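*Asks:* This is the structure, below, for whatever I ask next.
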Amino acid sequence: MIKRRLGKCLHSISDASSGGASGCPDIFELENGDIAVIGIRATSGLASHLPADAGCGPDEDIVVLPRSLVIAAAEDINKLA
């Protein structure tokens with residue numbers, strides 16, 4: 001289950017149109033300590049560019065998060081360590 005959002009909602013930090021509150025990239029801490037992300041699916045365009053020691057399993061996707069979202073979450077992410 002989701003414990004909390006890391007950083008801020010993208011709508012509060014960006015003027016970028018993200019398709020509404022129900023379709024917005026986001027970063028969450030889960031109750032077990034893992035991190036979940038909502039991002040734009042980019043596996044088909046980026047998988048062939050991964051380094052040799054990286055890859056996507058059949059149940060994995062590469063997702064893209066806006067830089068502003070990651071920067072806004074950096075303080076919360078640093079507190080996880």
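Residues in the structure tokens are named by chain (A, B, ... in the order shown) and by number from 1 within that chain; ligands are numbered from 1 in the order shown.
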Residues near Ile27 (chain A), anyone? I mean within 10 Å using only C-alpha atoms, not counting same-chain ones fewer than 2 positions away, as a list in words.

*Replies:*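 The neighbour list is Arg4, Arg5, Leu6, Gly7, Lys8, Cys9, Leu10, Pro25, Glu29, Leu30, Ile35, Ala36, Val37, Ile38, Gly39, Leu65, Leu69, Val70, Ala73 and Ile77 of chain A.
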
*Asks:* Using DSSP on the backbone coordinates, identify all residues within chain A classified as strand (DSSP E); present the result as a PyMOL selection string.

*Replies:* chain A and resi 2-5+26-30+35-38+40-41+63-64

*Asks:* Calculated over only C-alpha atoms, which of the candidates A:Ser14, A:Ile62, A:Ser68, A:Lys79 has the smallest distance to Leu50 (chain A)?

*Replies:*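 Closest candidate: A:Ile62.
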
*Asks:* Kindly indicate which residue among A:Phe28, A:Val64, A:Ala47, A:Asp59 lies nearest to Asp76 (chain A), using only C-alpha atoms for the distances.

*Replies:*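 For Asp76 (chain A), the nearest of the candidates is A:Phe28.
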
*Asks:* Enumerate the residues of chain A with a DSSP assignment of alpha helix (DSSP H), computed from the backbone, and present them as an NGL selection string.

*Replies:* :A and (10-13 or 43-46 or 67-80)

*Asks:* Env of Leu46 (chain A): 12 Å cut, atoms = only C-alpha atoms, seq-sep filter 3 positions within chain, self excluded. Answer as an MDAnalysis selection string.

*Replies:* chainID A and resid 40:43 49:51 54:56 61:64

*Asks:* Emit the selected residues as a compact mmCIF listing (two decimals), in the first residue's frame, including all heavy atoms.

*Replies:*
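Okay, this is what ended up in part.txt:
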# COMPACT_ATOMS: atom_id res chain seq x y z
N ILE A 40 5.74 8.23 -17.83
CA ILE A 40 5.39 8.01 -19.22
C ILE A 40 6.15 6.79 -19.71
O ILE A 40 7.38 6.74 -19.62
CB ILE A 40 5.73 9.26 -20.06
CG1 ILE A 40 4.93 10.45 -19.55
CG2 ILE A 40 5.47 9.01 -21.54
CD1 ILE A 40 5.43 11.78 -20.06
N ARG A 41 5.43 5.78 -20.20
CA ARG A 41 6.06 4.56 -20.71
C ARG A 41 7.01 4.89 -21.85
O ARG A 41 6.63 5.55 -22.81
CB ARG A 41 4.98 3.61 -21.23
CG ARG A 41 5.00 2.29 -20.56
CD ARG A 41 3.97 1.34 -21.16
NE ARG A 41 2.97 1.04 -20.15
CZ ARG A 41 1.69 1.33 -20.23
NH1 ARG A 41 1.20 1.93 -21.27
NH2 ARG A 41 0.88 1.01 -19.25
N ALA A 42 8.26 4.46 -21.74
CA ALA A 42 9.26 4.77 -22.77
C ALA A 42 10.11 3.55 -23.13
O ALA A 42 11.15 3.69 -23.74
CB ALA A 42 10.15 5.91 -22.29
N THR A 43 9.66 2.36 -22.75
CA THR A 43 10.45 1.15 -22.96
C THR A 43 10.79 0.96 -24.44
O THR A 43 11.96 0.70 -24.77
CB THR A 43 9.70 -0.08 -22.43
OG1 THR A 43 9.36 0.16 -21.06
CG2 THR A 43 10.55 -1.33 -22.52
N HIS A 49 18.78 1.29 -26.04
CA HIS A 49 19.87 2.21 -25.71
C HIS A 49 20.43 1.98 -24.31
O HIS A 49 21.34 2.70 -23.87
CB HIS A 49 19.39 3.66 -25.83
CG HIS A 49 18.95 4.01 -27.21
ND1 HIS A 49 19.81 4.26 -28.25
CD2 HIS A 49 17.70 4.13 -27.74
CE1 HIS A 49 19.13 4.52 -29.35
NE2 HIS A 49 17.84 4.45 -29.06
N LEU A 50 19.90 0.99 -23.59
CA LEU A 50 20.41 0.69 -22.25
C LEU A 50 21.83 0.16 -22.33
O LEU A 50 22.21 -0.49 -23.31
CB LEU A 50 19.51 -0.35 -21.57
CG LEU A 50 18.12 0.11 -21.16
CD1 LEU A 50 17.28 -1.09 -20.71
CD2 LEU A 50 18.20 1.14 -20.05
N PRO A 51 22.63 0.39 -21.28
CA PRO A 51 23.97 -0.20 -21.26
C PRO A 51 23.88 -1.73 -21.25
O PRO A 51 22.85 -2.30 -20.91
CB PRO A 51 24.58 0.32 -19.95
CG PRO A 51 23.53 1.12 -19.27
CD PRO A 51 22.31 1.18 -20.12
N ALA A 54 22.33 -3.68 -18.30
CA ALA A 54 20.98 -3.32 -17.87
C ALA A 54 19.97 -3.88 -18.87
O ALA A 54 20.29 -4.09 -20.04
CB ALA A 54 20.83 -1.80 -17.78
N GLY A 55 18.77 -4.11 -18.39
CA GLY A 55 17.73 -4.60 -19.28
C GLY A 55 16.39 -4.60 -18.57
O GLY A 55 16.31 -4.47 -17.36
N CYS A 56 15.32 -4.76 -19.34
CA CYS A 56 13.97 -4.81 -18.81
C CYS A 56 13.47 -6.24 -18.88
O CYS A 56 13.52 -6.87 -19.94
CB CYS A 56 13.03 -3.93 -19.62
SG CYS A 56 13.15 -2.19 -19.23
N ASP A 61 8.94 -2.00 -17.18
CA ASP A 61 8.90 -0.92 -18.17
C ASP A 61 9.88 0.16 -17.76
O ASP A 61 10.11 0.39 -16.57
CB ASP A 61 7.51 -0.28 -18.26
CG ASP A 61 6.57 -1.03 -19.17
OD1 ASP A 61 6.97 -1.35 -20.29
OD2 ASP A 61 5.43 -1.28 -18.76
N ILE A 62 10.45 0.84 -18.74
CA ILE A 62 11.19 2.07 -18.49
C ILE A 62 10.16 3.18 -18.48
O ILE A 62 9.33 3.27 -19.39
CB ILE A 62 12.23 2.33 -19.60
CG1 ILE A 62 13.26 1.20 -19.66
CG2 ILE A 62 12.92 3.68 -19.38
CD1 ILE A 62 14.18 1.29 -20.88
N VAL A 63 10.19 4.01 -17.44
CA VAL A 63 9.28 5.15 -17.39
C VAL A 63 10.10 6.42 -17.26
O VAL A 63 11.18 6.43 -16.70
CB VAL A 63 8.25 5.05 -16.23
CG1 VAL A 63 7.37 3.83 -16.41
CG2 VAL A 63 8.93 5.02 -14.89
N VAL A 64 9.57 7.48 -17.80
CA VAL A 64 10.23 8.78 -17.77
C VAL A 64 9.49 9.68 -16.79
O VAL A 64 8.26 9.76 -16.83
CB VAL A 64 10.26 9.43 -19.17
CG1 VAL A 64 10.84 10.83 -19.12
CG2 VAL A 64 11.05 8.55 -20.14
